[in-house]
>>> print(open('target_37.tsv').read())   # TSV, C-alpha atoms and all ligand atoms
chain	number	residue	atom	x	y	z
M	1125	MET	CA	-29.32	110.86	195.30
M	1126	ILE	CA	-28.22	113.60	197.74
M	1127	GLU	CA	-30.39	114.03	200.80
M	1128	CYS	CA	-31.10	117.56	201.98
M	1129	ALA	CA	-30.27	119.33	198.72
M	1130	PRO	CA	-30.57	122.86	200.25
M	1131	ILE	CA	-27.96	121.96	202.86
M	1132	ALA	CA	-25.72	120.29	200.25
M	1133	THR	CA	-25.86	123.53	198.23
M	1134	LEU	CA	-25.01	125.61	201.29
M	1135	VAL	CA	-22.01	123.44	202.13
M	1136	GLN	CA	-20.86	123.42	198.52
M	1137	GLU	CA	-21.04	127.20	198.35
M	1138	ALA	CA	-19.22	127.57	201.67
M	1139	ILE	CA	-16.20	125.30	201.11
M	1140	GLY	CA	-16.59	123.65	197.70
M	1141	TYR	CA	-17.25	120.24	199.27
M	1142	ASP	CA	-18.82	117.77	196.85
M	1143	PRO	CA	-21.19	115.52	198.87
M	1144	ALA	CA	-20.74	112.74	196.30
M	1145	SER	CA	-16.99	112.58	197.05
M	1146	THR	CA	-17.52	110.77	200.34
M	1147	GLY	CA	-20.72	109.06	199.22
M	1148	ALA	CA	-24.20	110.54	199.41
M	1149	GLY	CA	-25.04	108.24	202.35
M	1150	THR	CA	-22.22	109.62	204.49
M	1151	PHE	CA	-23.30	113.18	203.76
M	1152	GLY	CA	-26.93	112.43	204.69
M	1153	SER	CA	-26.10	110.60	207.92
M	1154	THR	CA	-23.65	113.31	209.05
M	1155	VAL	CA	-26.20	116.05	208.40
M	1156	ARG	CA	-28.89	114.09	210.23
M	1157	ALA	CA	-26.68	113.40	213.24
M	1158	GLN	CA	-25.45	116.97	213.41
M	1159	MET	CA	-28.63	118.90	212.67
M	1160	GLN	CA	-31.57	116.76	213.87
M	1161	CYS	CA	-33.61	118.02	210.93
M	1162	ASN	CA	-36.29	115.30	211.05
M	1163	GLY	CA	-36.72	115.54	207.31
M	1164	GLN	CA	-37.24	119.34	207.47
M	1165	CYS	CA	-34.34	120.35	205.29
M	1166	GLY	CA	-35.57	123.80	204.27
M	1167	PRO	CA	-35.94	125.23	207.81
M	1168	CYS	CA	-32.74	123.45	208.80
M	1169	ALA	CA	-30.83	125.15	205.98
M	1170	GLU	CA	-32.25	128.50	207.08
M	1171	ARG	CA	-31.03	127.88	210.65
M	1172	LEU	CA	-27.58	127.13	209.22
M	1173	GLN	CA	-27.56	130.30	207.17
M	1174	SER	CA	-28.36	132.44	210.17
M	1175	SER	CA	-25.74	130.87	212.42
M	1176	PRO	CA	-22.08	130.83	211.32
M	1177	GLU	CA	-21.21	128.76	214.43
M	1178	ARG	CA	-23.72	126.05	213.50
M	1179	LEU	CA	-22.48	126.00	209.90
M	1180	GLN	CA	-18.88	125.71	211.10
M	1181	ALA	CA	-19.83	122.80	213.38
M	1182	LEU	CA	-21.43	121.02	210.41
M	1183	LEU	CA	-18.37	121.66	208.22
M	1184	ASP	CA	-16.11	120.32	210.98
M	1185	ALA	CA	-18.19	117.15	211.04
M	1186	LEU	CA	-18.25	116.75	207.24
M	1187	VAL	CA	-14.61	117.23	206.27
M	1188	VAL	CA	-12.20	114.30	206.18
M	1189	PRO	CA	-9.17	115.34	208.28
M	1190	GLU	CA	-7.29	112.07	207.73
M	1191	THR	CA	-3.55	112.66	207.69
M	1192	TRP	CA	-0.32	111.40	209.21
M	1193	PHE	CA	3.30	112.39	209.68
M	1194	PHE	CA	5.57	112.13	206.64
M	1195	ARG	CA	2.72	110.98	204.39
M	1196	ASP	CA	4.33	110.00	201.04
M	1197	ARG	CA	7.88	110.07	202.41
M	1198	GLN	CA	9.50	110.75	199.04
M	1199	THR	CA	7.75	114.10	198.97
M	1200	PHE	CA	9.68	115.18	202.04
M	1201	ALA	CA	12.97	113.88	200.62
M	1202	LEU	CA	12.36	116.04	197.54
M	1203	LEU	CA	11.45	119.06	199.69
M	1204	ALA	CA	14.72	118.70	201.64
M	1205	ALA	CA	16.75	118.53	198.41
M	1206	LEU	CA	15.00	121.52	196.84
M	1207	ALA	CA	15.07	123.63	200.02
M	1208	ARG	CA	18.83	123.15	200.38
M	1209	GLU	CA	19.21	124.70	196.91
M	1210	ARG	CA	16.98	127.73	197.63
M	1211	HIS	CA	18.79	130.92	198.37
M	1212	THR	CA	15.76	133.01	199.23
M	1213	HIS	CA	15.63	134.23	202.78
M	1214	PRO	CA	13.48	133.10	204.41
M	1215	ILE	CA	12.07	130.14	202.44
M	1216	ARG	CA	8.30	130.39	202.61
M	1217	ILE	CA	6.12	127.29	202.71
M	1218	LEU	CA	2.37	126.87	202.77
M	1219	SER	CA	0.47	123.78	203.85
M	1220	ALA	CA	-2.94	124.30	202.24
M	1221	ALA	CA	-5.48	122.04	203.94
M	1222	CYS	CA	-3.17	121.12	206.81
M	1223	ALA	CA	-5.83	119.20	208.80
M	1224	THR	CA	-4.55	118.44	212.32
M	1225	GLY	CA	-1.01	119.62	211.64
M	1226	GLU	CA	0.93	116.47	210.80
M	1227	GLU	CA	1.84	117.81	207.33
M	1228	PRO	CA	3.23	121.26	208.30
M	1229	TYR	CA	5.03	119.78	211.31
M	1230	SER	CA	6.58	117.14	209.03
M	1231	ILE	CA	7.75	120.01	206.82
M	1232	ALA	CA	9.35	121.74	209.81
M	1233	MET	CA	11.13	118.56	210.97
M	1234	THR	CA	12.31	117.86	207.41
M	1235	LEU	CA	13.87	121.30	207.07
M	1236	LEU	CA	15.53	121.12	210.49
M	1237	ASP	CA	16.93	117.68	209.63
M	1238	ALA	CA	18.19	119.09	206.31
M	1239	GLY	CA	20.33	121.50	208.33
M	1240	ILE	CA	18.24	124.57	207.55
M	1241	ALA	CA	18.17	126.93	210.53
M	1242	PRO	CA	14.71	127.86	211.92
M	1243	GLU	CA	15.21	131.56	211.09
M	1244	ARG	CA	15.70	130.61	207.43
M	1245	PHE	CA	12.14	129.36	206.87
M	1246	GLU	CA	8.53	130.30	207.58
M	1247	ILE	CA	5.64	127.83	207.48
M	1248	ASP	CA	1.98	128.86	207.22
M	1249	ALA	CA	-0.74	126.24	207.51
M	1250	VAL	CA	-4.43	126.75	206.71
M	1251	ASP	CA	-7.50	124.62	207.04
M	1252	VAL	CA	-11.21	125.30	206.94
M	1253	SER	CA	-11.91	123.11	209.97
M	1254	THR	CA	-11.57	125.00	213.26
M	1255	ARG	CA	-11.66	121.70	215.10
M	1256	ALA	CA	-8.67	120.44	213.11
M	1257	ILE	CA	-6.76	123.69	213.65
M	1258	GLU	CA	-7.32	123.49	217.42
M	1259	ALA	CA	-5.95	119.94	217.44
M	1260	ALA	CA	-2.98	121.09	215.35
M	1261	ARG	CA	-2.15	123.80	217.87
M	1262	ARG	CA	-2.29	121.25	220.73
M	1263	ALA	CA	0.33	119.15	218.87
M	1264	VAL	CA	-0.36	115.93	220.80
M	1265	TYR	CA	-0.91	112.88	218.64
M	1266	GLY	CA	-2.22	109.33	218.81
M	1267	LYS	CA	-1.14	106.18	217.03
M	1268	SER	CA	-2.93	106.84	213.73
M	1269	SER	CA	-0.70	109.84	213.08
M	1270	PHE	CA	2.39	107.61	212.88
M	1271	ARG	CA	1.69	105.27	209.95
M	1272	GLU	CA	5.15	105.75	208.46
M	1273	GLY	CA	7.08	104.88	211.61
M	1274	PRO	CA	7.07	105.60	215.35
M	1275	PRO	CA	7.45	109.11	216.85
M	1276	ASN	CA	10.96	110.45	216.25
M	1277	ALA	CA	13.24	112.32	218.64
M	1278	TYR	CA	11.17	115.52	218.32
M	1279	PHE	CA	8.38	113.88	220.37
M	1280	THR	CA	7.99	112.87	223.98
M	1281	VAL	CA	5.50	110.10	224.58
M	1282	ASP	CA	3.31	110.03	227.70
M	1283	GLU	CA	-0.16	108.79	228.62
M	1284	ASP	CA	-1.80	111.60	226.54
M	1285	GLY	CA	0.02	110.56	223.38
M	1286	ALA	CA	3.10	111.81	221.50
M	1287	ARG	CA	3.75	115.49	222.23
M	1288	LEU	CA	5.72	117.49	219.67
M	1289	ALA	CA	8.59	119.57	221.08
M	1290	ALA	CA	7.61	123.22	221.58
M	1291	GLU	CA	10.60	124.43	219.55
M	1292	VAL	CA	9.20	122.60	216.48
M	1293	ALA	CA	5.54	123.44	217.15
M	1294	ARG	CA	6.27	127.16	217.30
M	1295	LEU	CA	7.71	127.08	213.75
M	1296	VAL	CA	4.24	126.69	212.20
M	1297	ARG	CA	1.67	129.49	212.03
M	1298	PHE	CA	-1.85	127.99	211.86
M	1299	LEU	CA	-4.65	129.99	210.25
M	1300	HIS	CA	-8.30	129.29	209.69
M	1301	GLY	CA	-8.69	129.63	205.92
M	1302	ASN	CA	-10.81	128.50	203.01
M	1303	LEU	CA	-9.12	127.35	199.79
M	1304	VAL	CA	-12.13	128.37	197.74
M	1305	ASP	CA	-12.09	131.93	199.04
M	1306	ARG	CA	-10.62	134.09	196.28
M	1307	THR	CA	-9.06	136.39	198.89
M	1308	LEU	CA	-7.25	133.54	200.64
M	1309	LEU	CA	-3.99	134.88	202.19
M	1310	ALA	CA	-4.30	138.08	200.16
M	1311	GLY	CA	-1.68	140.51	201.37
M	1312	GLU	CA	0.70	137.73	202.49
M	1313	GLU	CA	4.04	137.27	200.77
M	1314	ILE	CA	3.85	134.42	198.26
M	1315	TYR	CA	5.45	131.01	198.73
M	1316	ASP	CA	8.44	129.00	197.51
M	1317	PHE	CA	6.70	125.69	198.25
M	1318	VAL	CA	3.02	124.89	198.55
M	1319	PHE	CA	1.60	121.60	199.77
M	1320	CYS	CA	-1.97	121.02	198.58
M	1321	ARG	CA	-2.49	117.32	199.06
M	1322	ASN	CA	-5.53	115.10	199.38
M	1323	VAL	CA	-8.12	117.87	199.42
M	1324	LEU	CA	-8.97	118.44	195.75
M	1325	ILE	CA	-10.53	114.96	195.69
M	1326	TYR	CA	-13.31	116.22	197.99
M	1327	LEU	CA	-14.14	119.35	196.00
M	1328	SER	CA	-16.59	120.05	193.19
M	1329	ALA	CA	-15.25	120.93	189.73
M	1330	GLY	CA	-16.12	124.63	190.21
M	1331	ALA	CA	-14.37	124.77	193.57
M	1332	ARG	CA	-11.26	123.13	192.12
M	1333	LYS	CA	-11.02	125.93	189.57
M	1334	VAL	CA	-10.88	128.50	192.37
M	1335	VAL	CA	-8.23	126.46	194.18
M	1336	PHE	CA	-6.11	126.32	190.98
M	1337	GLU	CA	-6.36	130.10	190.60
M	1338	ASN	CA	-5.52	130.72	194.26
M	1339	LEU	CA	-2.48	128.46	194.11
M	1340	LYS	CA	-1.20	130.01	190.88
M	1341	ARG	CA	-1.42	133.36	192.69
M	1342	LEU	CA	0.21	132.12	195.89
M	1343	LEU	CA	3.12	130.19	194.36
M	1344	LYS	CA	6.30	131.98	193.26
M	1345	ARG	CA	7.19	131.77	189.57
M	1346	ASP	CA	9.95	129.26	190.36
M	1347	GLY	CA	7.96	127.70	193.19
M	1348	VAL	CA	7.08	124.03	193.58
M	1349	LEU	CA	3.66	122.61	194.39
M	1350	PHE	CA	3.31	119.21	196.08
M	1351	THR	CA	0.06	117.33	195.40
M	1352	GLY	CA	-1.56	114.05	196.44
M	1353	PRO	CA	-1.03	110.97	194.23
M	1354	ALA	CA	-4.54	111.15	192.75
M	1355	GLU	CA	-4.36	114.91	192.18
M	1356	LEU	CA	-1.23	115.52	190.13
M	1357	ALA	CA	-3.05	114.90	186.85
M	1358	ALA	CA	-5.71	117.52	187.70
M	1359	PHE	CA	-3.02	120.15	188.30
M	1360	VAL	CA	-1.19	119.20	185.11
M	1361	THR	CA	-4.44	119.51	183.18
M	1362	GLU	CA	-4.56	123.08	184.51
M	1363	GLY	CA	-1.16	123.80	183.01
M	1364	PHE	CA	1.11	123.00	186.00
M	1365	ARG	CA	4.21	121.13	184.84
M	1366	PRO	CA	5.12	117.82	186.50
M	1367	LEU	CA	8.51	117.58	188.13
M	1368	PRO	CA	9.91	114.10	187.46
M	1369	HIS	CA	11.16	112.60	190.71
M	1370	ALA	CA	10.74	109.02	191.85
M	1371	GLY	CA	7.83	108.72	194.26
M	1372	ALA	CA	7.08	112.43	194.83
M	1373	TYR	CA	4.07	114.19	193.34
M	1374	ALA	CA	5.20	117.67	192.49
M	1375	CYS	CA	4.81	120.27	189.79
M	1376	THR	CA	5.77	123.82	188.93
M	1377	ARG	CA	3.65	126.80	187.94
M	1378	PRO	CA	2.09	126.95	184.48
M	1379	ALA	CA	4.15	128.77	181.85
M	1380	ALA	CA	2.93	132.27	181.01
M	1381	PRO	CA	0.29	131.96	178.26
M	1382	ARG	CA	1.61	132.45	174.74
M	1383	ALA	CA	0.09	135.33	172.78
M	1384	LYS	CA	-2.26	134.05	170.07
M	1385	PRO	CA	-1.33	135.03	166.48
M	1386	ALA	CA	-4.17	137.41	165.65
M	1387	ALA	CA	-3.77	137.18	161.84
M	1388	ARG	CA	-4.32	133.43	161.80
M	1389	ALA	CA	-7.42	133.73	163.88
M	1390	ALA	CA	-8.80	136.33	161.44
M	1391	ARG	CA	-8.25	134.05	158.43
M	1392	ARG	CA	-10.12	131.16	159.98
M	1393	PRO	CA	-13.18	130.31	157.80
M	1394	ALA	CA	-16.62	130.76	159.26
M	1395	PRO	CA	-17.71	127.55	160.97
M	1396	ALA	CA	-19.91	125.37	158.80
M	1397	GLU	CA	-23.39	124.59	160.01
M	1398	LEU	CA	-22.92	121.43	162.03
M	1399	PRO	CA	-25.56	118.73	162.25
M	1400	LYS	CA	-27.21	118.64	165.67
M	1401	PRO	CA	-25.53	115.99	167.82
M	1402	SER	CA	-27.74	113.05	168.64
M	1403	PRO	CA	-28.15	112.44	172.39
M	1404	ALA	CA	-25.14	110.61	173.86
M	1405	PRO	CA	-25.83	106.91	174.42
M	1406	SER	CA	-25.70	105.93	178.08
M	1407	PRO	CA	-22.36	104.33	178.99
M	1408	PRO	CA	-22.13	100.54	179.25
M	1409	ALA	CA	-22.60	98.96	182.68
M	1410	TRP	CA	-18.87	98.35	183.23
M	1411	LYS	CA	-18.10	102.05	182.70
M	1412	ARG	CA	-20.67	103.01	185.29
M	1413	ARG	CA	-19.11	100.49	187.68
M	1414	LEU	CA	-15.72	102.00	187.04
M	1415	GLU	CA	-17.11	105.44	187.88
M	1416	ASP	CA	-18.46	103.99	191.15
M	1417	ALA	CA	-15.02	102.52	191.83
M	1418	ARG	CA	-13.41	105.90	191.25
M	1419	ARG	CA	-15.85	107.57	193.66
M	1420	LEU	CA	-15.11	104.93	196.29
M	1421	ALA	CA	-11.37	105.45	195.86
M	1422	ASP	CA	-11.79	109.23	196.25
M	1423	ALA	CA	-13.74	108.61	199.44
M	1424	GLY	CA	-10.87	106.51	200.80
M	1425	GLU	CA	-12.75	103.20	200.45
M	1426	LEU	CA	-9.79	101.57	198.78
M	1427	GLU	CA	-10.64	97.91	199.32
M	1428	ARG	CA	-14.12	98.33	197.86
M	1429	ALA	CA	-12.76	100.38	194.96
M	1430	SER	CA	-10.22	97.68	194.19
M	1431	ALA	CA	-12.83	94.91	194.33
M	1432	LEU	CA	-15.07	96.83	191.92
M	1433	CYS	CA	-12.15	97.30	189.52
M	1434	ASP	CA	-11.59	93.52	189.62
M	1435	GLU	CA	-15.23	93.02	188.64
M	1436	VAL	CA	-14.81	95.45	185.74
M	1437	LEU	CA	-11.65	93.71	184.57
M	1438	ALA	CA	-13.38	90.33	184.68
M	1439	VAL	CA	-15.83	91.51	181.98
M	1440	GLU	CA	-13.59	94.05	180.23
M	1441	PRO	CA	-9.96	92.92	180.59
M	1442	LEU	CA	-8.74	95.62	178.21
M	1443	ALA	CA	-10.18	98.55	180.15
M	1444	ALA	CA	-7.04	100.70	180.52
M	1445	ASP	CA	-8.81	103.00	183.00
M	1446	ALA	CA	-9.56	100.07	185.30
M	1447	HIS	CA	-5.88	99.08	185.30
M	1448	PHE	CA	-5.00	102.67	185.99
M	1449	LEU	CA	-7.42	102.91	188.92
M	1450	LYS	CA	-6.03	99.67	190.39
M	1451	GLY	CA	-2.63	101.39	190.23
M	1452	LEU	CA	-3.94	104.47	192.04
M	1453	VAL	CA	-5.43	102.33	194.79
M	1454	GLU	CA	-2.14	100.46	195.25
M	1455	GLU	CA	-0.25	103.74	195.24
M	1456	ALA	CA	-2.54	105.22	197.91
M	1457	GLN	CA	-1.66	102.25	200.13
M	1458	GLY	CA	2.05	102.73	199.63
M	1459	ARG	CA	2.49	99.64	197.43
M	1460	MET	CA	4.54	101.42	194.80
M	1461	ARG	CA	5.91	98.35	192.98
M	1462	SER	CA	2.46	96.95	192.47
M	1463	ALA	CA	1.13	100.39	191.46
M	1464	GLU	CA	3.85	100.62	188.82
M	1465	GLU	CA	2.82	97.22	187.42
M	1466	TRP	CA	-0.79	98.35	187.04
M	1467	PHE	CA	0.20	101.64	185.38
M	1468	ARG	CA	2.47	99.70	183.05
M	1469	LYS	CA	-0.45	97.45	182.06
M	1470	ALA	CA	-2.64	100.50	181.41
M	1471	LEU	CA	0.07	101.84	179.11
M	1472	TYR	CA	0.46	98.51	177.38
M	1473	ILE	CA	-3.23	98.65	176.46
M	1474	ASP	CA	-3.25	102.37	175.76
M	1475	PRO	CA	0.25	103.82	175.17
M	1476	ASP	CA	-1.29	107.31	175.22
M	1477	HIS	CA	-2.92	106.95	178.63
M	1478	TYR	CA	-1.95	110.38	179.88
M	1479	ASP	CA	-2.60	109.88	183.60
M	1480	ALA	CA	-0.69	106.57	183.61
M	1481	LEU	CA	2.26	108.29	181.90
M	1482	LEU	CA	2.22	110.99	184.56
M	1483	HIS	CA	2.20	108.50	187.39
M	1484	MET	CA	4.99	106.49	185.78
M	1485	SER	CA	6.95	109.72	185.50
M	1486	VAL	CA	6.77	109.88	189.29
M	1487	LEU	CA	7.24	106.22	190.19
M	1488	SER	CA	9.62	104.74	187.71
M	1489	GLY	CA	12.97	105.92	189.07
M	1490	GLY	CA	15.53	105.90	186.25
M	1491	ASN	CA	12.87	106.10	183.51
M	1492	ALA	CA	10.96	108.96	185.10
M	1493	GLU	CA	12.24	111.49	182.55
M	1494	VAL	CA	11.25	109.23	179.62
M	1495	TYR	CA	7.66	108.99	180.84
M	1496	ALA	CA	7.52	112.71	181.63
M	1497	ARG	CA	8.68	113.48	178.07
M	1498	ARG	CA	6.09	111.12	176.59
M	1499	ALA	CA	3.36	112.80	178.66
M	1500	HIS	CA	4.60	116.20	177.58
M	1501	ARG	CA	4.69	115.22	173.88
M	1502	LEU	CA	1.18	113.85	174.17
M	1503	SER	CA	-0.09	117.06	175.76
M	1504	GLU	CA	1.58	119.12	172.99
M	1505	ARG	CA	0.09	116.86	170.31
M	1506	GLU	CA	-3.43	116.84	171.69
M	1507	GLY	CA	-3.32	120.32	173.20
M	1508	GLN	CA	-5.78	119.21	175.84
M	1509	HIS	CA	-3.72	118.69	178.93
M	1510	GLY	CA	-2.52	122.14	179.66
M	1601	LIG	C1	-7.58	114.44	203.96
M	1601	LIG	S1	-7.11	115.94	204.77
M	1601	LIG	C2	-5.55	116.26	204.01
M	1601	LIG	C3	-4.49	116.65	205.02
M	1601	LIG	C4	-3.09	116.77	204.48
M	1601	LIG	N1	-2.98	117.75	203.44
M	1601	LIG	C5	-2.58	115.43	203.97
M	1601	LIG	O1	-2.45	115.23	202.76
M	1601	LIG	O2	-2.32	114.56	204.79
M	1601	LIG	C6	-8.21	117.11	203.96
M	1601	LIG	C7	-8.32	118.43	204.73
M	1601	LIG	O3	-8.84	119.41	203.81
M	1601	LIG	C8	-9.58	120.34	204.55
M	1601	LIG	N2	-10.45	121.11	203.64
M	1601	LIG	C9	-11.51	120.67	202.92
M	1601	LIG	N3	-12.04	121.67	202.21
M	1601	LIG	C10	-11.28	122.76	202.46
M	1601	LIG	C11	-11.33	124.11	202.01
M	1601	LIG	N4	-12.28	124.54	201.17
M	1601	LIG	N5	-10.39	124.97	202.47
M	1601	LIG	C12	-9.44	124.57	203.35
M	1601	LIG	N6	-9.36	123.30	203.81
M	1601	LIG	C13	-10.26	122.41	203.37
M	1601	LIG	C14	-10.32	119.49	205.54
M	1601	LIG	O4	-10.77	120.24	206.65
M	1601	LIG	C15	-9.28	118.44	205.92
M	1601	LIG	O5	-8.61	118.80	207.08
>>> encode(input="target_37.tsv", output="structure tokens")
Amino acid sequence: MIECAPIATLVQEAIGYDPASTGAGTFGSTVRAQMQCNGQCGPCAERLQSSPERLQALLDALVVPETWFFRDRQTFALLAALARERHTHPIRILSAACATGEEPYSIAMTLLDAGIAPERFEIDAVDVSTRAIEAARRAVYGKSSFREGPPNAYFTVDEDGARLAAEVARLVRFLHGNLVDRTLLAGEEIYDFVFCRNVLIYLSAGARKVVFENLKRLLKRDGVLFTGPAELAAFVTEGFRPLPHAGAYACTRPAAPRAKPAARAARRPAPAELPKPSPAPSPPAWKRRLEDARRLADAGELERASALCDEVLAVEPLAADAHFLKGLVEEAQGRMRSAEEWFRKALYIDPDHYDALLHMSVLSGGNAEVYARRAHRLSEREGQHG
């Protein structure tokens, strides 16, 4: 149950944020702490509507700006390899939902280390949080930003933290921007590479649709989109095509839609009168638990999500989705071997588990192509994945 429904609606309309993604309790307590509504949600929502500054402060408090340098290292290895092959000048890259800057700065360092001269690339970085953008521009970081290893030679460390060298910091242009605004970056040249990672998981289904449309518009025809581990399947469902590469979550733009053969459509018989569907039975308890586990995983509560999956598997050992979710949780914690084992088990139970096939196409090194082909065949056969 979402507290303060009028405020939840306002926030959802503003940035697409789904209050359930971080747990209804978190949403309620953040709103209470930020707004001091004393149960008066209606007037509070009106105050928010009349003050863009107040709304922005609430959004800053609600978003999850968690990020770190070189998050999912393989992604940056793939970027370096692909950028070396690009002959466009300059190579244009967008970090969409850049949070406090670790992602776009990692992109800059990766390209410099790949021997690409600074004048050969341009990096734009957008985020809806002004607080995060201000921190990104400061470019001084604490310990939590270095989960994949200590600060490298581009940083100097002093009592304030690790400061990024000015010659790297100036390579990123930070912009305040909203991914669910249909005019996002309108008028800008489009991009060779777009990073849109770990943000879709916080958005409502309607907002995701707008993000998909924006990214299709902003990505060049031969461009590459990098996603978060839990988000690749959502993009592929929208028609993006996965790029098999061990450990990196990447896809290319959807193919242009094929023209429908008009004659066949005309010959289709009129639909028969179908019996009214009876109301859907409510799902069994273990399925509801699995849904809770998925919500916890999306909110970053990985340990709790994993424990709930274990409970599901204790009563329903053949639940392929529970094995799959265990794999996602392992993957999110960087335990790729273990993740692969869980995805393999999901596929053993259900050889047509589309999401597990996709993740295996990323993780399984030498067999990546085999899994990608199986996923592709499945999507062709069922026509439901893009
Ligand atoms: C978990 S961080 C992801 C950072 C980085 N992409 C990464 O993967 O490490 C999510 C970021 O998405 C931003 N965000 C959420 N909704 C947004 C929207 N509608 N438009 C732009 N940014 C948004 C938040 O402000 C937050 O900084």
>>> atom_distance(input="target_37.tsv", atom1="CA of Lys1340 (chain M)", atom2="CA of Arg1377 (chain M)")
6.5 Å
>>> axis_aligned_box(input="target_37.tsv", around="ligand LIG 1601 (chain M)", padding_each_side="3 Å", output="JSON")
{"center_x": -7.3, "center_y": 119.7, "center_z": 204.1, "size_x": 16.0, "size_y": 16.5, "size_z": 11.9}
>>> closest_residue(input="target_37.tsv", among="M:Ala1289, M:Leu1206, M:Cys1128, M:Val1453", to="Phe1467 (chain M)", atoms="only C-alpha atoms")
M:Val1453
>>> residues_near_ligand(input="target_37.tsv", ligand="ligand LIG 1601 (chain M)", cutoff="6 Å", atoms="only C-alpha atoms and all ligand atoms", output="list of chain:residue names")
M:Ile1139, M:Gly1140, M:Val1187, M:Val1188, M:Pro1189, M:Glu1190, M:Thr1191, M:Trp1192, M:Ala1221, M:Cys1222, M:Ala1223, M:Glu1227, M:Asp1251, M:Val1252, M:Ser1253, M:Gly1301, M:Asn1302, M:Leu1303, M:Val1304, M:Cys1320, M:Arg1321, M:Asn1322, M:Val1323
>>> write_last_selection(input="target_37.tsv", atoms="C-alpha atoms", output="PDB file, keeping the file's coordinate frame")
ATOM      1  CA  ILE M1139     -16.200 125.300 201.110  1.00  0.00           C
ATOM      2  CA  GLY M1140     -16.590 123.650 197.700  1.00  0.00           C
ATOM      3  CA  VAL M1187     -14.610 117.230 206.270  1.00  0.00           C
ATOM      4  CA  VAL M1188     -12.200 114.300 206.180  1.00  0.00           C
ATOM      5  CA  PRO M1189      -9.170 115.340 208.280  1.00  0.00           C
ATOM      6  CA  GLU M1190      -7.290 112.070 207.730  1.00  0.00           C
ATOM      7  CA  THR M1191      -3.550 112.660 207.690  1.00  0.00           C
ATOM      8  CA  TRP M1192      -0.320 111.400 209.210  1.00  0.00           C
ATOM      9  CA  ALA M1221      -5.480 122.040 203.940  1.00  0.00           C
ATOM     10  CA  CYS M1222      -3.170 121.120 206.810  1.00  0.00           C
ATOM     11  CA  ALA M1223      -5.830 119.200 208.800  1.00  0.00           C
ATOM     12  CA  GLU M1227       1.840 117.810 207.330  1.00  0.00           C
ATOM     13  CA  ASP M1251      -7.500 124.620 207.040  1.00  0.00           C
ATOM     14  CA  VAL M1252     -11.210 125.300 206.940  1.00  0.00           C
ATOM     15  CA  SER M1253     -11.910 123.110 209.970  1.00  0.00           C
ATOM     16  CA  GLY M1301      -8.690 129.630 205.920  1.00  0.00           C
ATOM     17  CA  ASN M1302     -10.810 128.500 203.010  1.00  0.00           C
ATOM     18  CA  LEU M1303      -9.120 127.350 199.790  1.00  0.00           C
ATOM     19  CA  VAL M1304     -12.130 128.370 197.740  1.00  0.00           C
ATOM     20  CA  CYS M1320      -1.970 121.020 198.580  1.00  0.00           C
ATOM     21  CA  ARG M1321      -2.490 117.320 199.060  1.00  0.00           C
ATOM     22  CA  ASN M1322      -5.530 115.100 199.380  1.00  0.00           C
ATOM     23  CA  VAL M1323      -8.120 117.870 199.420  1.00  0.00           C
TER      24      VAL M1323
END
>>> residues_around(input="target_37.tsv", residues="Phe1200 (chain M)", least_positions_apart="3", cutoff="12 Å", atoms="all atoms listed in the file", output="PyMOL selection string")
chain M and resi 1193-1197+1203-1207+1227-1238+1317+1319+1350-1351+1369-1374
>>> residues_around(input="target_37.tsv", residues="region 1426-1440 of chain M", least_positions_apart="4", cutoff="9 Å", atoms="only C-alpha atoms", output="PDB file with C-alpha atoms, keeping the file's coordinate frame")
ATOM      1  CA  TRP M1410     -18.870  98.350 183.230  1.00  0.00           C
ATOM      2  CA  LYS M1411     -18.100 102.050 182.700  1.00  0.00           C
ATOM      3  CA  ARG M1413     -19.110 100.490 187.680  1.00  0.00           C
ATOM      4  CA  LEU M1414     -15.720 102.000 187.040  1.00  0.00           C
ATOM      5  CA  ASP M1416     -18.460 103.990 191.150  1.00  0.00           C
ATOM      6  CA  ALA M1417     -15.020 102.520 191.830  1.00  0.00           C
ATOM      7  CA  ARG M1418     -13.410 105.900 191.250  1.00  0.00           C
ATOM      8  CA  ARG M1419     -15.850 107.570 193.660  1.00  0.00           C
ATOM      9  CA  LEU M1420     -15.110 104.930 196.290  1.00  0.00           C
ATOM     10  CA  ALA M1421     -11.370 105.450 195.860  1.00  0.00           C
ATOM     11  CA  ASP M1422     -11.790 109.230 196.250  1.00  0.00           C
ATOM     12  CA  ALA M1446      -9.560 100.070 185.300  1.00  0.00           C
ATOM     13  CA  HIS M1447      -5.880  99.080 185.300  1.00  0.00           C
ATOM     14  CA  LEU M1449      -7.420 102.910 188.920  1.00  0.00           C
ATOM     15  CA  LYS M1450      -6.030  99.670 190.390  1.00  0.00           C
ATOM     16  CA  VAL M1453      -5.430 102.330 194.790  1.00  0.00           C
ATOM     17  CA  GLU M1454      -2.140 100.460 195.250  1.00  0.00           C
ATOM     18  CA  ALA M1456      -2.540 105.220 197.910  1.00  0.00           C
ATOM     19  CA  GLN M1457      -1.660 102.250 200.130  1.00  0.00           C
TER      20      GLN M1457
END
>>> atom_distance(input="target_37.tsv", atom1="CA of Leu1134 (chain M)", atom2="CA of Arg1171 (chain M)")
11.4 Å
>>> closest_residue(input="target_37.tsv", among="M:Glu1504, M:Glu1355, M:Glu1209, M:Glu1493", to="Gly1239 (chain M)", atoms="all atoms listed in the file")
M:Glu1209
>>> residues_around(input="target_37.tsv", residues="region 1262-1269 of chain M", least_positions_apart="3", cutoff="8 Å", atoms="all atoms listed in the file", output="ChimeraX atom specification")
/M:1191-1193,1225-1226,1258-1259,1284-1288,1293
